[in-house]
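Structure below is target.cif: mmCIF, N, CA and C atoms.
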data_target
loop_
_atom_site.label_atom_id
_atom_site.label_comp_id
_atom_site.auth_asym_id
_atom_site.auth_seq_id
_atom_site.Cartn_x
_atom_site.Cartn_y
_atom_site.Cartn_z
N MET A 1 14.51 50.23 31.52
CA MET A 1 15.94 50.30 31.67
C MET A 1 16.46 48.90 31.95
N TYR A 2 17.57 48.54 31.38
CA TYR A 2 18.15 47.23 31.58
C TYR A 2 18.69 47.10 32.99
N ARG A 3 18.73 45.91 33.48
CA ARG A 3 19.20 45.66 34.84
C ARG A 3 20.64 46.08 35.00
N SER A 4 21.49 45.74 34.02
CA SER A 4 22.91 46.09 34.14
C SER A 4 23.12 47.60 34.14
N SER A 5 22.39 48.32 33.31
CA SER A 5 22.55 49.78 33.30
C SER A 5 21.99 50.38 34.58
N TYR A 6 20.95 49.78 35.14
CA TYR A 6 20.41 50.26 36.41
C TYR A 6 21.45 50.11 37.51
N LEU A 7 22.06 48.93 37.54
CA LEU A 7 23.09 48.69 38.56
C LEU A 7 24.25 49.65 38.39
N ARG A 8 24.64 49.92 37.17
CA ARG A 8 25.74 50.84 36.91
C ARG A 8 25.39 52.25 37.40
N GLU A 9 24.15 52.67 37.15
CA GLU A 9 23.71 53.99 37.61
C GLU A 9 23.72 54.07 39.13
N VAL A 10 23.27 53.00 39.78
CA VAL A 10 23.26 52.98 41.25
C VAL A 10 24.68 53.10 41.78
N ARG A 11 25.61 52.35 41.20
CA ARG A 11 27.01 52.43 41.62
C ARG A 11 27.58 53.82 41.40
N LYS A 12 27.22 54.38 40.25
CA LYS A 12 27.72 55.72 39.93
C LYS A 12 27.22 56.73 40.97
N GLU A 13 25.93 56.64 41.32
CA GLU A 13 25.39 57.55 42.33
C GLU A 13 26.06 57.36 43.67
N LYS A 14 26.30 56.11 44.06
CA LYS A 14 26.99 55.85 45.33
C LYS A 14 28.39 56.44 45.32
N TYR A 15 29.08 56.29 44.19
CA TYR A 15 30.44 56.81 44.08
C TYR A 15 30.45 58.33 44.13
N GLU A 16 29.49 58.96 43.44
CA GLU A 16 29.42 60.41 43.45
C GLU A 16 29.11 60.95 44.83
N ARG A 17 28.39 60.23 45.64
CA ARG A 17 28.06 60.66 47.00
C ARG A 17 29.21 60.46 47.97
N SER A 18 30.13 59.59 47.58
CA SER A 18 31.24 59.30 48.50
C SER A 18 32.25 60.45 48.52
N ASP A 19 33.13 60.40 49.46
CA ASP A 19 34.17 61.43 49.62
C ASP A 19 35.21 61.33 48.53
N ALA A 20 35.43 60.15 48.00
CA ALA A 20 36.47 59.99 46.99
C ALA A 20 36.13 60.80 45.74
N TYR A 21 34.85 60.91 45.41
CA TYR A 21 34.44 61.67 44.23
C TYR A 21 34.76 63.15 44.42
N ASP A 22 34.48 63.66 45.59
CA ASP A 22 34.77 65.07 45.86
C ASP A 22 36.26 65.35 45.82
N GLU A 23 37.05 64.42 46.32
CA GLU A 23 38.50 64.62 46.32
C GLU A 23 39.05 64.60 44.90
N LEU A 24 38.54 63.69 44.06
CA LEU A 24 39.05 63.57 42.70
C LEU A 24 38.58 64.70 41.81
N GLN A 25 37.49 65.34 42.14
CA GLN A 25 36.92 66.36 41.27
C GLN A 25 37.88 67.53 41.09
N GLY A 26 38.65 67.83 42.04
CA GLY A 26 39.57 68.94 41.92
C GLY A 26 40.91 68.56 41.32
N THR A 27 41.20 67.32 41.07
CA THR A 27 42.51 66.89 40.58
C THR A 27 42.46 66.59 39.09
N SER A 28 43.63 66.37 38.54
CA SER A 28 43.73 66.02 37.12
C SER A 28 43.30 64.57 36.86
N ASP A 29 43.35 63.77 37.92
CA ASP A 29 42.90 62.37 37.78
C ASP A 29 41.40 62.30 37.48
N PHE A 30 40.67 63.33 37.89
CA PHE A 30 39.23 63.35 37.67
C PHE A 30 38.90 63.34 36.18
N SER A 31 39.63 64.15 35.40
CA SER A 31 39.35 64.18 33.96
C SER A 31 39.69 62.85 33.30
N SER A 32 40.78 62.21 33.71
CA SER A 32 41.11 60.91 33.12
C SER A 32 40.09 59.85 33.54
N LEU A 33 39.58 59.98 34.80
CA LEU A 33 38.56 59.07 35.27
C LEU A 33 37.26 59.28 34.48
N ALA A 34 36.90 60.54 34.22
CA ALA A 34 35.71 60.85 33.45
C ALA A 34 35.86 60.34 32.02
N GLN A 35 37.05 60.46 31.46
CA GLN A 35 37.29 59.95 30.10
C GLN A 35 37.17 58.42 30.09
N ALA A 36 37.70 57.76 31.11
CA ALA A 36 37.62 56.30 31.19
C ALA A 36 36.17 55.86 31.30
N GLN A 37 35.40 56.58 32.14
CA GLN A 37 33.98 56.23 32.28
C GLN A 37 33.23 56.49 30.97
N GLY A 38 33.58 57.60 30.29
CA GLY A 38 32.96 57.90 29.00
C GLY A 38 33.27 56.83 27.98
N LEU A 39 34.52 56.38 27.98
CA LEU A 39 34.93 55.31 27.07
C LEU A 39 34.17 54.02 27.41
N GLU A 40 34.06 53.75 28.71
CA GLU A 40 33.33 52.56 29.14
C GLU A 40 31.86 52.64 28.71
N ASN A 41 31.27 53.83 28.88
CA ASN A 41 29.88 54.02 28.46
C ASN A 41 29.73 53.84 26.96
N LEU A 42 30.68 54.35 26.19
CA LEU A 42 30.63 54.18 24.73
C LEU A 42 30.76 52.71 24.34
N GLN A 43 31.66 51.99 25.03
CA GLN A 43 31.82 50.58 24.74
C GLN A 43 30.54 49.80 25.08
N GLU A 44 29.92 50.18 26.20
CA GLU A 44 28.67 49.53 26.57
C GLU A 44 27.58 49.80 25.53
N LEU A 45 27.48 51.07 25.11
CA LEU A 45 26.50 51.40 24.08
C LEU A 45 26.79 50.67 22.77
N ASN A 46 28.07 50.57 22.44
CA ASN A 46 28.46 49.85 21.22
C ASN A 46 28.05 48.38 21.31
N GLU A 47 28.27 47.77 22.47
CA GLU A 47 27.88 46.37 22.67
C GLU A 47 26.36 46.20 22.58
N ARG A 48 25.64 47.12 23.21
CA ARG A 48 24.17 47.05 23.16
C ARG A 48 23.67 47.22 21.73
N PHE A 49 24.29 48.15 21.00
CA PHE A 49 23.90 48.37 19.61
C PHE A 49 24.21 47.14 18.75
N ALA A 50 25.38 46.52 18.98
CA ALA A 50 25.74 45.31 18.23
C ALA A 50 24.75 44.18 18.56
N ASN A 51 24.38 44.06 19.83
CA ASN A 51 23.39 43.04 20.21
C ASN A 51 22.05 43.32 19.56
N TYR A 52 21.68 44.58 19.49
CA TYR A 52 20.42 44.96 18.85
C TYR A 52 20.44 44.60 17.37
N ILE A 53 21.53 44.89 16.70
CA ILE A 53 21.65 44.57 15.26
C ILE A 53 21.62 43.07 15.05
N ASN A 54 22.33 42.32 15.89
CA ASN A 54 22.31 40.85 15.77
C ASN A 54 20.91 40.31 15.99
N ARG A 55 20.22 40.87 16.95
CA ARG A 55 18.84 40.44 17.22
C ARG A 55 17.94 40.76 16.02
N ALA A 56 18.11 41.95 15.43
CA ALA A 56 17.32 42.32 14.26
C ALA A 56 17.61 41.38 13.10
N ARG A 57 18.86 41.03 12.89
CA ARG A 57 19.21 40.09 11.81
C ARG A 57 18.58 38.72 12.05
N MET A 58 18.65 38.27 13.30
CA MET A 58 18.06 36.97 13.62
C MET A 58 16.55 36.99 13.37
N LEU A 59 15.90 38.08 13.77
CA LEU A 59 14.45 38.18 13.54
C LEU A 59 14.12 38.23 12.05
N GLU A 60 14.96 38.90 11.25
CA GLU A 60 14.75 38.93 9.80
C GLU A 60 14.88 37.54 9.22
N GLN A 61 15.86 36.77 9.69
CA GLN A 61 16.04 35.40 9.20
C GLN A 61 14.83 34.55 9.57
N ARG A 62 14.36 34.68 10.81
CA ARG A 62 13.17 33.92 11.22
C ARG A 62 11.96 34.33 10.41
N ASN A 63 11.85 35.62 10.14
CA ASN A 63 10.74 36.12 9.33
C ASN A 63 10.78 35.51 7.93
N THR A 64 11.97 35.43 7.35
CA THR A 64 12.13 34.81 6.03
C THR A 64 11.71 33.34 6.07
N ILE A 65 12.12 32.65 7.12
CA ILE A 65 11.75 31.24 7.26
C ILE A 65 10.24 31.09 7.38
N PHE A 66 9.61 31.96 8.19
CA PHE A 66 8.16 31.90 8.36
C PHE A 66 7.43 32.20 7.06
N ARG A 67 7.96 33.14 6.28
CA ARG A 67 7.34 33.44 4.99
C ARG A 67 7.40 32.23 4.06
N LYS A 68 8.55 31.56 4.04
CA LYS A 68 8.68 30.36 3.19
C LYS A 68 7.73 29.28 3.66
N GLN A 69 7.60 29.11 4.97
CA GLN A 69 6.67 28.11 5.49
C GLN A 69 5.23 28.46 5.11
N LEU A 70 4.89 29.74 5.20
CA LEU A 70 3.55 30.18 4.83
C LEU A 70 3.27 29.89 3.36
N GLU A 71 4.25 30.20 2.49
CA GLU A 71 4.08 29.91 1.06
C GLU A 71 3.90 28.42 0.84
N THR A 72 4.67 27.62 1.57
CA THR A 72 4.57 26.17 1.43
C THR A 72 3.18 25.69 1.85
N PHE A 73 2.69 26.20 2.97
CA PHE A 73 1.36 25.80 3.43
C PHE A 73 0.27 26.25 2.46
N GLN A 74 0.44 27.43 1.87
CA GLN A 74 -0.54 27.90 0.90
C GLN A 74 -0.53 27.00 -0.33
N ARG A 75 0.68 26.59 -0.77
CA ARG A 75 0.75 25.67 -1.91
C ARG A 75 0.14 24.33 -1.55
N MET A 76 0.32 23.90 -0.30
CA MET A 76 -0.26 22.62 0.12
C MET A 76 -1.78 22.69 0.09
N ASP A 77 -2.36 23.85 0.44
CA ASP A 77 -3.80 24.00 0.34
C ASP A 77 -4.26 23.86 -1.10
N VAL A 78 -3.50 24.47 -2.02
CA VAL A 78 -3.83 24.35 -3.44
C VAL A 78 -3.69 22.90 -3.88
N LEU A 79 -2.60 22.25 -3.42
CA LEU A 79 -2.40 20.86 -3.78
C LEU A 79 -3.47 19.97 -3.17
N ALA A 80 -3.95 20.31 -1.99
CA ALA A 80 -5.02 19.52 -1.38
C ALA A 80 -6.27 19.60 -2.25
N GLY A 81 -6.54 20.78 -2.81
CA GLY A 81 -7.68 20.91 -3.72
C GLY A 81 -7.47 20.07 -4.96
N LEU A 82 -6.24 20.05 -5.47
CA LEU A 82 -5.93 19.21 -6.63
C LEU A 82 -6.06 17.74 -6.28
N GLU A 83 -5.64 17.39 -5.08
CA GLU A 83 -5.74 16.00 -4.65
C GLU A 83 -7.19 15.55 -4.61
N GLU A 84 -8.06 16.41 -4.11
CA GLU A 84 -9.48 16.07 -4.07
C GLU A 84 -10.04 15.92 -5.48
N ALA A 85 -9.63 16.80 -6.39
CA ALA A 85 -10.11 16.71 -7.77
C ALA A 85 -9.63 15.41 -8.40
N PHE A 86 -8.36 15.06 -8.18
CA PHE A 86 -7.84 13.81 -8.73
C PHE A 86 -8.53 12.61 -8.10
N ALA A 87 -8.83 12.68 -6.81
CA ALA A 87 -9.52 11.57 -6.15
C ALA A 87 -10.91 11.37 -6.76
N GLU A 88 -11.61 12.46 -7.02
CA GLU A 88 -12.92 12.37 -7.67
C GLU A 88 -12.80 11.77 -9.06
N GLN A 89 -11.81 12.21 -9.82
CA GLN A 89 -11.61 11.69 -11.17
C GLN A 89 -11.27 10.21 -11.13
N ILE A 90 -10.44 9.82 -10.17
CA ILE A 90 -10.07 8.41 -10.03
C ILE A 90 -11.31 7.58 -9.71
N GLU A 91 -12.16 8.09 -8.82
CA GLU A 91 -13.38 7.37 -8.47
C GLU A 91 -14.31 7.22 -9.68
N LEU A 92 -14.43 8.30 -10.47
CA LEU A 92 -15.24 8.23 -11.69
C LEU A 92 -14.66 7.20 -12.67
N ASN A 93 -13.34 7.17 -12.79
CA ASN A 93 -12.71 6.20 -13.68
C ASN A 93 -12.93 4.77 -13.19
N ARG A 94 -12.87 4.58 -11.88
CA ARG A 94 -13.13 3.23 -11.34
C ARG A 94 -14.57 2.80 -11.63
N LEU A 95 -15.49 3.73 -11.47
CA LEU A 95 -16.89 3.42 -11.77
C LEU A 95 -17.04 3.06 -13.25
N ARG A 96 -16.41 3.82 -14.10
CA ARG A 96 -16.45 3.54 -15.55
C ARG A 96 -15.84 2.17 -15.86
N ILE A 97 -14.75 1.83 -15.17
CA ILE A 97 -14.12 0.51 -15.37
C ILE A 97 -15.09 -0.60 -14.98
N ARG A 98 -15.79 -0.43 -13.84
CA ARG A 98 -16.76 -1.44 -13.42
C ARG A 98 -17.87 -1.60 -14.46
N GLU A 99 -18.36 -0.47 -14.98
CA GLU A 99 -19.41 -0.53 -16.00
C GLU A 99 -18.91 -1.23 -17.26
N LEU A 100 -17.70 -0.88 -17.70
CA LEU A 100 -17.14 -1.49 -18.90
C LEU A 100 -16.86 -2.98 -18.68
N SER A 101 -16.44 -3.34 -17.47
CA SER A 101 -16.21 -4.76 -17.18
C SER A 101 -17.52 -5.54 -17.23
N ALA A 102 -18.58 -4.94 -16.72
CA ALA A 102 -19.89 -5.61 -16.78
C ALA A 102 -20.33 -5.74 -18.23
N ASP A 103 -20.15 -4.69 -19.04
CA ASP A 103 -20.50 -4.75 -20.47
C ASP A 103 -19.67 -5.83 -21.17
N ARG A 104 -18.40 -5.90 -20.82
CA ARG A 104 -17.52 -6.89 -21.46
C ARG A 104 -17.99 -8.31 -21.11
N ALA A 105 -18.31 -8.53 -19.85
CA ALA A 105 -18.78 -9.86 -19.43
C ALA A 105 -20.07 -10.22 -20.17
N LYS A 106 -20.96 -9.22 -20.31
CA LYS A 106 -22.22 -9.46 -21.03
C LYS A 106 -21.94 -9.82 -22.49
N LEU A 107 -21.04 -9.05 -23.12
CA LEU A 107 -20.71 -9.33 -24.53
C LEU A 107 -20.03 -10.69 -24.68
N GLU A 108 -19.18 -11.07 -23.73
CA GLU A 108 -18.52 -12.37 -23.81
C GLU A 108 -19.55 -13.50 -23.68
N ARG A 109 -20.55 -13.32 -22.80
CA ARG A 109 -21.61 -14.32 -22.68
C ARG A 109 -22.39 -14.42 -23.99
N GLU A 110 -22.70 -13.25 -24.58
CA GLU A 110 -23.43 -13.27 -25.85
C GLU A 110 -22.59 -13.95 -26.93
N ASP A 111 -21.30 -13.71 -26.93
CA ASP A 111 -20.41 -14.35 -27.93
C ASP A 111 -20.41 -15.87 -27.74
N LYS A 112 -20.32 -16.30 -26.48
CA LYS A 112 -20.32 -17.75 -26.22
C LYS A 112 -21.65 -18.37 -26.63
N ASP A 113 -22.75 -17.66 -26.35
CA ASP A 113 -24.06 -18.16 -26.76
C ASP A 113 -24.15 -18.26 -28.28
N SER A 114 -23.65 -17.24 -28.96
CA SER A 114 -23.67 -17.25 -30.43
C SER A 114 -22.82 -18.39 -30.98
N GLN A 115 -21.65 -18.59 -30.38
CA GLN A 115 -20.78 -19.68 -30.83
C GLN A 115 -21.46 -21.04 -30.58
N ARG A 116 -22.12 -21.18 -29.46
CA ARG A 116 -22.81 -22.42 -29.14
C ARG A 116 -23.95 -22.66 -30.12
N MET A 117 -24.71 -21.60 -30.42
CA MET A 117 -25.81 -21.75 -31.38
C MET A 117 -25.27 -22.09 -32.76
N LEU A 118 -24.15 -21.47 -33.14
CA LEU A 118 -23.54 -21.77 -34.43
C LEU A 118 -23.11 -23.23 -34.50
N ASP A 119 -22.51 -23.70 -33.40
CA ASP A 119 -22.09 -25.11 -33.38
C ASP A 119 -23.30 -26.05 -33.46
N GLU A 120 -24.41 -25.68 -32.81
CA GLU A 120 -25.62 -26.50 -32.87
C GLU A 120 -26.16 -26.55 -34.29
N TYR A 121 -26.16 -25.42 -34.98
CA TYR A 121 -26.63 -25.39 -36.37
C TYR A 121 -25.74 -26.24 -37.26
N ARG A 122 -24.45 -26.16 -37.03
CA ARG A 122 -23.52 -26.96 -37.84
C ARG A 122 -23.78 -28.45 -37.63
N ASN A 123 -24.00 -28.82 -36.37
CA ASN A 123 -24.19 -30.23 -36.05
C ASN A 123 -25.53 -30.76 -36.57
N LYS A 124 -26.55 -29.99 -36.65
CA LYS A 124 -27.87 -30.44 -37.08
C LYS A 124 -27.98 -30.48 -38.59
N GLY A 125 -27.13 -29.85 -39.29
CA GLY A 125 -27.19 -29.86 -40.74
C GLY A 125 -28.20 -28.88 -41.28
N ILE A 126 -28.51 -27.84 -40.59
CA ILE A 126 -29.48 -26.85 -41.05
C ILE A 126 -28.95 -26.13 -42.27
N TYR A 127 -27.69 -26.04 -42.41
CA TYR A 127 -27.15 -25.29 -43.53
C TYR A 127 -27.51 -25.92 -44.87
N GLY A 128 -27.53 -27.22 -44.90
CA GLY A 128 -27.85 -27.88 -46.15
C GLY A 128 -29.28 -27.61 -46.60
N GLU A 129 -30.20 -27.52 -45.66
CA GLU A 129 -31.59 -27.30 -45.99
C GLU A 129 -31.83 -25.90 -46.52
N GLU A 130 -31.14 -24.93 -46.03
CA GLU A 130 -31.36 -23.55 -46.44
C GLU A 130 -30.50 -23.17 -47.64
N GLY A 131 -29.59 -24.00 -47.98
CA GLY A 131 -28.75 -23.73 -49.13
C GLY A 131 -27.57 -22.83 -48.80
N LEU A 132 -27.26 -22.69 -47.54
CA LEU A 132 -26.13 -21.85 -47.14
C LEU A 132 -24.99 -22.73 -46.68
N THR A 133 -23.82 -22.26 -46.88
CA THR A 133 -22.66 -23.04 -46.41
C THR A 133 -22.31 -22.59 -45.01
N SER A 134 -21.69 -23.46 -44.29
CA SER A 134 -21.33 -23.14 -42.91
C SER A 134 -20.27 -22.03 -42.87
N GLN A 135 -19.46 -21.97 -43.90
CA GLN A 135 -18.43 -20.93 -43.92
C GLN A 135 -19.04 -19.54 -44.10
N SER A 136 -20.06 -19.41 -44.95
CA SER A 136 -20.66 -18.09 -45.18
C SER A 136 -21.38 -17.60 -43.93
N ILE A 137 -22.02 -18.51 -43.17
CA ILE A 137 -22.70 -18.11 -41.92
C ILE A 137 -21.65 -17.69 -40.89
N ALA A 138 -20.59 -18.44 -40.78
CA ALA A 138 -19.55 -18.11 -39.82
C ALA A 138 -18.94 -16.75 -40.12
N VAL A 139 -18.73 -16.45 -41.40
CA VAL A 139 -18.18 -15.17 -41.80
C VAL A 139 -19.15 -14.04 -41.51
N SER A 140 -20.44 -14.27 -41.76
CA SER A 140 -21.43 -13.21 -41.51
C SER A 140 -21.60 -12.96 -40.00
N ILE A 141 -21.46 -13.98 -39.16
CA ILE A 141 -21.58 -13.81 -37.71
C ILE A 141 -20.36 -13.07 -37.17
N GLU A 142 -19.19 -13.38 -37.67
CA GLU A 142 -17.97 -12.73 -37.19
C GLU A 142 -17.95 -11.26 -37.55
N LYS A 143 -18.58 -10.88 -38.60
CA LYS A 143 -18.60 -9.48 -39.02
C LYS A 143 -19.45 -8.70 -38.05
#
Produce structure tokens that represent the structure in this file.
Amino acid sequence: MYRSSYLREVRKEKYERSDAYDELQGTSDFSSLAQAQGLENLQELNERFANYINRARMLEQRNTIFRKQLETFQRMDVLAGLEEAFAEQIELNRLRIRELSADRAKLEREDKDSQRMLDEYRNKGIYGEEGLTSQSIAVSIEK
């Protein structure tokens, strides 16, 4: 029982025990007093019911908010899984880049060595002895 309704009941009992209640019971004022108290009780019940409905609406709104937050957190869990997958893919791509960079450096060294050897052959005049022109060797190396 609510505190306010308890207090109202206590007051009502005190009033009913008093002499004024007995005096009014036999008069016409008693019925108007009973109607006033009935109206007051109806208004109190109406207020309590309105408070109950407002509370229910507020709880429904909070429930809706909590559901949206739950959906958001569930999507974040899915996104966290995607983030891990992307992180793994990024790491694999970085590893592949390192491997390709090492291959590129190796090929560039081989190219420089080939160019140096070609220049040495040109300078020594080896082409004349073998009957090949320097242009045909350069073209065959570039291919």
Could you check how far atom C of Leu118 (chain A) sits from atom C of Lys106 (chain A), in Å to one decimal? 18.0 Å
Compare A:Gln115, A:Phe66, A:Ser5, A:Asp103 by their minimum atom-to-atom distance to Glu44 (chain A), counting only C-alpha atoms, and give me the closest one.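 Comparing A:Gln115, A:Phe66, A:Ser5, A:Asp103 against Glu44 (chain A), the winner is A:Ser5.
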To one decimal in Å, tell me the separation between CA of Ala36 (chain A) and CA of Ile53 (chain A).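 Separating CA of Ala36 (chain A) from CA of Ile53 (chain A) is a distance of 25.4 Å.
CA of Leu82 (chain A) is positioned 20.8 Å from CA of Lys68 (chain A).
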Quick one: axis-aligned box around all listed atoms of region 80-85 of chain A, 6 Å on every side, centre and edge lengths in Å to one decimal, written as lines of an AutoDock Vina configuration file.
center_x = -7.0
center_y = 18.2
center_z = -4.9
size_x = 18.2
size_y = 17.5
size_z = 19.0
